[in-house]
Amino acid sequence: MTGNEIRPVTLLPELNHHVQEPGAAEQMARQLKGENAAMRELLLALSVGFVLPGPLPADLQRRLDTGDVQSLGALVERAEAAGLLTADGTVAGPAQQALLAVVPAAKVHALQRELVTVYARDGVPLGDVARELARGGLADSRVAAELEHAADKALDHDPALASQLYGEALLAGADEAATAARRAQAAAANGDLDAATRIIDSLLVCDDPPDVRRGVDVAAAVWAQRGMLARAADVYSWLGASRIGPSAPLAAVAMIGCGNRAGAEALFQPAAPPASPTLLAATLVETGKGIYGSVSADPQQALPVLIHASDMFNAANAALPLPETPAAMAALLALHSGEPRLAETVCRSATAAGQGGNAAKPRLFLLQAWSAMQQDKLEDARLAINEASKANHWPLVPRDEFLRAALEVGLARRNGDVPELIMAWERAREAMLHTSVDLYSLLPWGELMITAARLRETRRVAHYLTEAWQLLDRLGDPPLWAVPFHWAAVQAALLSEDPAGLAPHAAALARAARDSHLAAVLAAAGKAWVSVLAGRMTPADVEAAARGLGRVGMPWEGARLAGHAAARAEERKDMVRLLSCARDLHPQVSPAANGSSGPAARSTPAAAEAAGSLQPDGPGLSEREKEVARLVLEGKTYREIGEAIYISPRTAEHHIARMRRRLGAENRSDLLARLRLALGPEDPMQE
């Protein structure tokens, strides 16, 4: 090696240890001139993506072929000796950075285009090289086309990757308008509603938007997730029958969901065959048929149709933009039919299959939570809510946030936790401001109707409930959707002590009972409630109604009915019978000393009555007395305590009197203070 060639001893320290210092790149560029210019050209070619062995840039190859410069082998040996080239033929990182920093961008891009030409000539896909070229600032239609094609392949199963690839395709010069609908689909499927909205808005204002049907599907899905299903229906109306094509079933889901059955019929004919003989096309048609069937007078076949659609969509493994996934629709129909176990199974299968992608996960988990709550599996419901909250890295969309808020209200109400119920109610009031009423949100609105009556806050939801009744009226009061909502109205009227408000809903349940088993069960339960409150109940009828509620997936409601009736029973044998029924439907959970709950343990009415007689040594409280003490501190009356833990009001009174004597309390205020001390700071009531 001559004196004017690369000197590895002086060059390598500069590159390996402080290449980021000012002037390092310029020093390297100066050293790679003159006799080293050919090495510089080789290293630059390898830095932009050429590989050894393989084709090289035409100019460098010509110089090698004509002998103008040393042989390729000699150049490689010198570069390796200088530490600029690794053994596998790649340029050392610092050297690559230094070269690309000082070489004019125009020359770099020219070499990159030549590289793309080599790949195209040999018929070799660019692969990750295309991504590097795009991120490096190369605008080339061939690079853009390859990135766009890769994004299209990833769109259905990996929308996050598709979003990245579409973004890189834009950097390489892809057409913004032509890719807008697909970019929006990727963003929406990944859960980024704001990005999807911005892209779609830029597309739909065009005079003749490309890929407009896909764009409308995305827009409708985004509106639905924002809790504004009527806007989704408006987008399909704007698209019109001439352009609706395979999206007609989705238009039916949106339009029926907001009460526009005539609009749905104008765009979708359930008897028409799928647009193509594909799994996805058949899935969409079955979904449309299912939602049509659910609003008919005989909706029995709607649920199996939607379950078939959900199974097919699981198999398709596609993240299509939908107003509602088939699994969510099937779960809602199962819940409205009194089959929460089936709803839970459908949701579990769909989440395991990844139905609908990341964007659909939270809603499926929340519907699973609702199913668990309905079955009185409150801990399972809380776990599913937690899964929904962390299903992806985006906050819950308004529609799902509203559902979660209603779930928290329902859980607090079933726990009898008044302070938590009030806090949950305030959160729900805020969530309802960000959404609107549609057919698929009647369950949470029904829960909020009951809670509003319980808290004397009905005025807060009155106009939303009016919208819900109007929506059902526009659809002809379809029994499958209307019956649970009428039942919620019956419960709200009972809590409000409003017989006049109860009558029309009880009558609606009685009418629907001719064709709906669930309606028959709810009508009997409503009648039993009225008889209990009027003081003219027949215990056998009340028990039958309560157990009927348990059989249609409402064990908590059944236990509550039996417990209320037991508190009002005149005969001890009737009280014992009804308490036994309540315990069967809703087994008591005995709180442990640390505030956690152990397994639910069934106990006989006799044992429940006798529980308070088992006194611990000294001034401590028995577990049953601790239960009563907590309820006393919540401000509950004897009757409310009895209803909460399924004992008679008289037994509750005996418990309190015994605790007062044992604790030496002189009056109620003194008793409350001593109960707080007796429960101790470790008790959850003291937290």
# chains A, B, ... in the order shown; residues from 1 in each chain; ligands from 1
>>> residues_around(residues="Arg131 in chain A", least_positions_apart="4", cutoff="8 Å", atoms="only C-alpha atoms", output="VMD selection string")
chain A and resid 127 135 147 165 168
>>> write_last_selection(atoms="N, CA and C atoms", output="PDB file, in the first residue's frame")
ATOM      1  N   GLY A 127     -38.780  -5.667  -1.892  1.00  0.00           N
ATOM      2  CA  GLY A 127     -38.942  -6.027  -0.485  1.00  0.00           C
ATOM      3  C   GLY A 127     -38.669  -4.849   0.436  1.00  0.00           C
ATOM      4  N   ARG A 135     -38.184   5.876   2.584  1.00  0.00           N
ATOM      5  CA  ARG A 135     -37.855   6.669   3.771  1.00  0.00           C
ATOM      6  C   ARG A 135     -36.631   7.547   3.536  1.00  0.00           C
ATOM      7  N   LEU A 147     -44.666  -0.761  -2.821  1.00  0.00           N
ATOM      8  CA  LEU A 147     -45.107  -0.520  -1.452  1.00  0.00           C
ATOM      9  C   LEU A 147     -46.631  -0.560  -1.341  1.00  0.00           C
ATOM     10  N   LEU A 165     -46.966   1.038   5.399  1.00  0.00           N
ATOM     11  CA  LEU A 165     -46.587   0.846   3.995  1.00  0.00           C
ATOM     12  C   LEU A 165     -47.254   1.877   3.088  1.00  0.00           C
ATOM     13  N   GLU A 168     -45.373   5.095   3.428  1.00  0.00           N
ATOM     14  CA  GLU A 168     -44.114   5.064   2.689  1.00  0.00           C
ATOM     15  C   GLU A 168     -44.359   5.146   1.185  1.00  0.00           C
TER      16      GLU A 168
END
>>> residues_around(residues="Gln300 in chain A", least_positions_apart="3", cutoff="12 Å", atoms="only C-alpha atoms", output="PyMOL selection string")
chain A and resi 290-297+303-306+333-334+336-337+479-480+515-518
>>> atom_distance(atom1="CA of Ala134 in chain A", atom2="CA of Ala172 in chain A")
5.0 Å
>>> residues_around(residues="range 233-240 of chain A", least_positions_apart="6", cutoff="9 Å", atoms="only C-alpha atoms", output="PyMOL selection string")
chain A and resi 212-213+216-217+219-220+247-248+250-258+260+263-264+267
>>> write_last_selection(atoms="C-alpha atoms", output="compact mmCIF listing (two decimals), in the first residue's frame")
# COMPACT_ATOMS: atom_id res chain seq x y z
CA VAL A 212 -65.71 5.57 -3.24
CA ARG A 213 -67.65 2.53 -1.97
CA VAL A 216 -68.10 5.14 2.40
CA ASP A 217 -67.75 1.84 4.28
CA ALA A 219 -66.82 6.56 6.93
CA ALA A 220 -69.87 4.61 8.10
CA SER A 247 -71.92 -2.85 0.71
CA ALA A 248 -75.73 -3.04 0.62
CA LEU A 250 -73.81 -2.88 5.68
CA ALA A 251 -76.13 -0.07 4.68
CA ALA A 252 -79.04 -2.15 6.00
CA VAL A 253 -77.27 -2.59 9.36
CA ALA A 254 -76.74 1.16 9.68
CA MET A 255 -80.19 2.19 8.50
CA ILE A 256 -82.19 -0.30 10.53
CA GLY A 257 -80.04 0.58 13.52
CA CYS A 258 -81.26 4.18 13.35
CA ASN A 260 -84.85 3.84 8.76
CA GLY A 263 -84.08 3.30 3.40
CA ALA A 264 -82.61 -0.11 4.14
CA LEU A 267 -80.62 -0.52 -0.85
>>> atom_distance(atom1="CA of Arg624 in chain A", atom2="CA of Gly664 in chain A")
19.0 Å
>>> select_by_dssp(residues="range 220-444 of chain A", states="alpha helix (DSSP H)", output="number ranges by chain")
A: 220-225, 229-239, 241-244, 248-257, 261-267, 279-294, 302-316, 326-336, 340-353, 361-374, 378-389, 398-415, 418-432, 442-444
>>> closest_atom_pairs(of="range 405-502 of chain A", to="range 317-327 of chain A", cutoff="12 Å", atoms="only C-alpha atoms", output="JSON lines")
{"residue": "A:Asp438", "atom": "CA", "partner": "A:Pro323", "partner_atom": "CA", "distance": 11.9}
{"residue": "A:Leu439", "atom": "CA", "partner": "A:Glu324", "partner_atom": "CA", "distance": 11.6}
{"residue": "A:Tyr440", "atom": "CA", "partner": "A:Glu324", "partner_atom": "CA", "distance": 9.0}
{"residue": "A:Ser441", "atom": "CA", "partner": "A:Glu324", "partner_atom": "CA", "distance": 11.6}
>>> residues_around(residues="Leu421 in chain A", least_positions_apart="2", cutoff="9 Å", atoms="only C-alpha atoms", output="list in words")
Glu408, Val409, Gly410, Leu411, Ala412, Arg413, Asn415, Gly416, Asp417, Val418, Pro419, Met423, Ala424, Trp425, Glu426 and Thr451 of chain A
>>> write_last_selection(atoms="N, CA and C atoms", output="JSON list (two decimals), in the first residue's frame")
[["chain", "number", "residue", "atom", "x", "y", "z"],
["A", 408, "GLU", "N", -70.53, -0.14, 34.29],
["A", 408, "GLU", "CA", -70.11, 0.22, 35.64],
["A", 408, "GLU", "C", -71.31, 0.61, 36.50],
["A", 409, "VAL", "N", -72.28, 1.28, 35.89],
["A", 409, "VAL", "CA", -73.52, 1.60, 36.61],
["A", 409, "VAL", "C", -74.24, 0.31, 37.00],
["A", 410, "GLY", "N", -74.35, -0.62, 36.05],
["A", 410, "GLY", "CA", -75.03, -1.88, 36.33],
["A", 410, "GLY", "C", -74.36, -2.69, 37.41],
["A", 411, "LEU", "N", -73.04, -2.72, 37.41],
["A", 411, "LEU", "CA", -72.31, -3.48, 38.43],
["A", 411, "LEU", "C", -72.50, -2.85, 39.81],
["A", 412, "ALA", "N", -72.43, -1.53, 39.87],
["A", 412, "ALA", "CA", -72.62, -0.86, 41.16],
["A", 412, "ALA", "C", -74.04, -1.07, 41.68],
["A", 413, "ARG", "N", -75.02, -1.04, 40.77],
["A", 413, "ARG", "CA", -76.41, -1.25, 41.20],
["A", 413, "ARG", "C", -76.61, -2.66, 41.72],
["A", 415, "ASN", "N", -74.37, -4.52, 43.08],
["A", 415, "ASN", "CA", -73.63, -4.67, 44.33],
["A", 415, "ASN", "C", -74.31, -3.96, 45.49],
["A", 416, "GLY", "N", -75.30, -3.12, 45.20],
["A", 416, "GLY", "CA", -75.93, -2.34, 46.25],
["A", 416, "GLY", "C", -75.00, -1.29, 46.83],
["A", 417, "ASP", "N", -74.00, -0.89, 46.05],
["A", 417, "ASP", "CA", -73.01, 0.08, 46.52],
["A", 417, "ASP", "C", -73.46, 1.48, 46.10],
["A", 418, "VAL", "N", -74.15, 2.18, 46.99],
["A", 418, "VAL", "CA", -74.74, 3.47, 46.63],
["A", 418, "VAL", "C", -73.68, 4.51, 46.29],
["A", 419, "PRO", "N", -72.62, 4.70, 47.10],
["A", 419, "PRO", "CA", -71.61, 5.70, 46.72],
["A", 419, "PRO", "C", -70.98, 5.41, 45.35],
["A", 423, "MET", "N", -71.14, 7.65, 41.74],
["A", 423, "MET", "CA", -69.96, 8.02, 40.94],
["A", 423, "MET", "C", -70.06, 7.45, 39.53],
["A", 424, "ALA", "N", -70.51, 6.20, 39.41],
["A", 424, "ALA", "CA", -70.66, 5.59, 38.08],
["A", 424, "ALA", "C", -71.71, 6.33, 37.27],
["A", 425, "TRP", "N", -72.76, 6.76, 37.94],
["A", 425, "TRP", "CA", -73.82, 7.51, 37.25],
["A", 425, "TRP", "C", -73.28, 8.82, 36.68],
["A", 426, "GLU", "N", -72.45, 9.51, 37.44],
["A", 426, "GLU", "CA", -71.87, 10.76, 36.95],
["A", 426, "GLU", "C", -70.99, 10.51, 35.73],
["A", 451, "THR", "N", -81.51, 3.05, 36.60],
["A", 451, "THR", "CA", -80.69, 3.75, 37.59],
["A", 451, "THR", "C", -81.16, 5.18, 37.79]]
>>> residues_around(residues="Ala74 in chain A", least_positions_apart="6", cutoff="12 Å", atoms="only C-alpha atoms", output="list in words")
Met1, Asn36, Ala38, Met39, Leu42, Leu64, Glu80 and Ala81 of chain A
>>> write_last_selection(atoms="all heavy atoms", output="PDB file, in the first residue's frame")
ATOM      1  N   MET A   1       0.854  -1.180   0.000  1.00  0.00           N
ATOM      2  CA  MET A   1       0.000   0.000   0.000  1.00  0.00           C
ATOM      3  C   MET A   1       0.891   1.231   0.000  1.00  0.00           C
ATOM      4  O   MET A   1       1.806   1.372   0.794  1.00  0.00           O
ATOM      5  CB  MET A   1      -0.895  -0.029   1.231  1.00  0.00           C
ATOM      6  CG  MET A   1      -2.092   0.890   1.137  1.00  0.00           C
ATOM      7  SD  MET A   1      -3.176   0.679   2.572  1.00  0.00           S
ATOM      8  CE  MET A   1      -3.902  -0.907   2.189  1.00  0.00           C
ATOM      9  N   ASN A  36      -8.337   6.714  -4.706  1.00  0.00           N
ATOM     10  CA  ASN A  36      -9.367   6.008  -3.932  1.00  0.00           C
ATOM     11  C   ASN A  36     -10.785   6.306  -4.424  1.00  0.00           C
ATOM     12  O   ASN A  36     -11.756   5.876  -3.807  1.00  0.00           O
ATOM     13  CB  ASN A  36      -9.273   6.385  -2.452  1.00  0.00           C
ATOM     14  CG  ASN A  36      -7.955   5.935  -1.843  1.00  0.00           C
ATOM     15  OD1 ASN A  36      -7.521   4.818  -2.084  1.00  0.00           O
ATOM     16  ND2 ASN A  36      -7.319   6.816  -1.084  1.00  0.00           N
ATOM     17  N   ALA A  38     -12.410   5.175  -6.962  1.00  0.00           N
ATOM     18  CA  ALA A  38     -13.137   3.960  -7.351  1.00  0.00           C
ATOM     19  C   ALA A  38     -13.683   3.248  -6.120  1.00  0.00           C
ATOM     20  O   ALA A  38     -14.809   2.718  -6.130  1.00  0.00           O
ATOM     21  CB  ALA A  38     -12.224   3.038  -8.152  1.00  0.00           C
ATOM     22  N   MET A  39     -12.874   3.229  -5.040  1.00  0.00           N
ATOM     23  CA  MET A  39     -13.370   2.623  -3.802  1.00  0.00           C
ATOM     24  C   MET A  39     -14.572   3.409  -3.267  1.00  0.00           C
ATOM     25  O   MET A  39     -15.539   2.834  -2.777  1.00  0.00           O
ATOM     26  CB  MET A  39     -12.266   2.575  -2.747  1.00  0.00           C
ATOM     27  CG  MET A  39     -12.685   1.810  -1.478  1.00  0.00           C
ATOM     28  SD  MET A  39     -11.572   2.095  -0.107  1.00  0.00           S
ATOM     29  CE  MET A  39     -10.039   1.509  -0.818  1.00  0.00           C
ATOM     30  N   LEU A  42     -17.596   2.407  -5.190  1.00  0.00           N
ATOM     31  CA  LEU A  42     -18.062   1.080  -4.776  1.00  0.00           C
ATOM     32  C   LEU A  42     -18.799   1.167  -3.436  1.00  0.00           C
ATOM     33  O   LEU A  42     -19.887   0.602  -3.270  1.00  0.00           O
ATOM     34  CB  LEU A  42     -16.871   0.121  -4.663  1.00  0.00           C
ATOM     35  CG  LEU A  42     -17.201  -1.267  -4.086  1.00  0.00           C
ATOM     36  CD1 LEU A  42     -18.180  -2.011  -4.989  1.00  0.00           C
ATOM     37  CD2 LEU A  42     -15.917  -2.079  -3.885  1.00  0.00           C
ATOM     38  N   LEU A  64     -14.542  -0.898 -14.449  1.00  0.00           N
ATOM     39  CA  LEU A  64     -13.903  -2.156 -14.050  1.00  0.00           C
ATOM     40  C   LEU A  64     -13.621  -3.032 -15.260  1.00  0.00           C
ATOM     41  O   LEU A  64     -12.549  -3.656 -15.376  1.00  0.00           O
ATOM     42  CB  LEU A  64     -14.802  -2.905 -13.055  1.00  0.00           C
ATOM     43  CG  LEU A  64     -14.908  -2.318 -11.651  1.00  0.00           C
ATOM     44  CD1 LEU A  64     -16.039  -3.003 -10.868  1.00  0.00           C
ATOM     45  CD2 LEU A  64     -13.585  -2.485 -10.891  1.00  0.00           C
ATOM     46  N   GLU A  80     -11.841  -3.630   2.870  1.00  0.00           N
ATOM     47  CA  GLU A  80     -11.875  -4.460   4.084  1.00  0.00           C
ATOM     48  C   GLU A  80     -10.675  -4.152   4.972  1.00  0.00           C
ATOM     49  O   GLU A  80     -10.802  -4.081   6.209  1.00  0.00           O
ATOM     50  CB  GLU A  80     -11.899  -5.944   3.701  1.00  0.00           C
ATOM     51  CG  GLU A  80     -13.215  -6.399   3.097  1.00  0.00           C
ATOM     52  CD  GLU A  80     -13.174  -7.865   2.673  1.00  0.00           C
ATOM     53  OE1 GLU A  80     -12.052  -8.418   2.581  1.00  0.00           O
ATOM     54  OE2 GLU A  80     -14.254  -8.443   2.422  1.00  0.00           O
ATOM     55  N   ALA A  81      -9.516  -3.979   4.358  1.00  0.00           N
ATOM     56  CA  ALA A  81      -8.305  -3.674   5.130  1.00  0.00           C
ATOM     57  C   ALA A  81      -8.446  -2.340   5.849  1.00  0.00           C
ATOM     58  O   ALA A  81      -7.908  -2.159   6.956  1.00  0.00           O
ATOM     59  CB  ALA A  81      -7.088  -3.662   4.207  1.00  0.00           C
TER      60      ALA A  81
END
>>> closest_residue(among="A:Ala58, A:Ala180, A:Ala79, A:Thr466", to="Val205 in chain A", atoms="only C-alpha atoms")
A:Ala180
>>> closest_residue(among="A:Ala510, A:Ala525, A:Ala302, A:Ala352", to="Ala315 in chain A", atoms="only C-alpha atoms")
A:Ala352
>>> atom_distance(atom1="CA of Lys390 in chain A", atom2="CA of Ala189 in chain A")
16.0 Å
>>> residues_around(residues="Ala540 in chain A", least_positions_apart="3", cutoff="9 Å", atoms="only C-alpha atoms", output="MDAnalysis selection string")
chainID A and resid 537 543:545 574 577:578
>>> write_last_selection(atoms="N, CA and C atoms", output="PDB file, in the first residue's frame")
ATOM      1  N   MET A 537     -99.647 -10.427  47.208  1.00  0.00           N
ATOM      2  CA  MET A 537     -98.898 -11.420  46.428  1.00  0.00           C
ATOM      3  C   MET A 537     -99.309 -12.839  46.811  1.00  0.00           C
ATOM      4  N   GLU A 543     -92.482 -16.883  43.443  1.00  0.00           N
ATOM      5  CA  GLU A 543     -91.343 -17.786  43.293  1.00  0.00           C
ATOM      6  C   GLU A 543     -91.221 -18.269  41.847  1.00  0.00           C
ATOM      7  N   ALA A 544     -92.350 -18.612  41.226  1.00  0.00           N
ATOM      8  CA  ALA A 544     -92.310 -19.069  39.833  1.00  0.00           C
ATOM      9  C   ALA A 544     -91.771 -17.969  38.924  1.00  0.00           C
ATOM     10  N   ALA A 545     -92.210 -16.724  39.169  1.00  0.00           N
ATOM     11  CA  ALA A 545     -91.733 -15.606  38.352  1.00  0.00           C
ATOM     12  C   ALA A 545     -90.236 -15.383  38.559  1.00  0.00           C
ATOM     13  N   ASP A 574     -93.797 -18.524  54.274  1.00  0.00           N
ATOM     14  CA  ASP A 574     -93.663 -17.874  52.967  1.00  0.00           C
ATOM     15  C   ASP A 574     -92.338 -17.115  52.881  1.00  0.00           C
ATOM     16  N   ARG A 577     -89.589 -19.629  52.371  1.00  0.00           N
ATOM     17  CA  ARG A 577     -89.642 -20.165  51.000  1.00  0.00           C
ATOM     18  C   ARG A 577     -89.044 -19.173  50.000  1.00  0.00           C
ATOM     19  N   LEU A 578     -89.404 -17.916  50.142  1.00  0.00           N
ATOM     20  CA  LEU A 578     -88.924 -16.910  49.190  1.00  0.00           C
ATOM     21  C   LEU A 578     -87.445 -16.607  49.404  1.00  0.00           C
TER      22      LEU A 578
END
>>> closest_residue(among="A:Ala523, A:Pro274, A:Tyr166, A:Leu332", to="Lys153 in chain A", atoms="only C-alpha atoms")
A:Tyr166
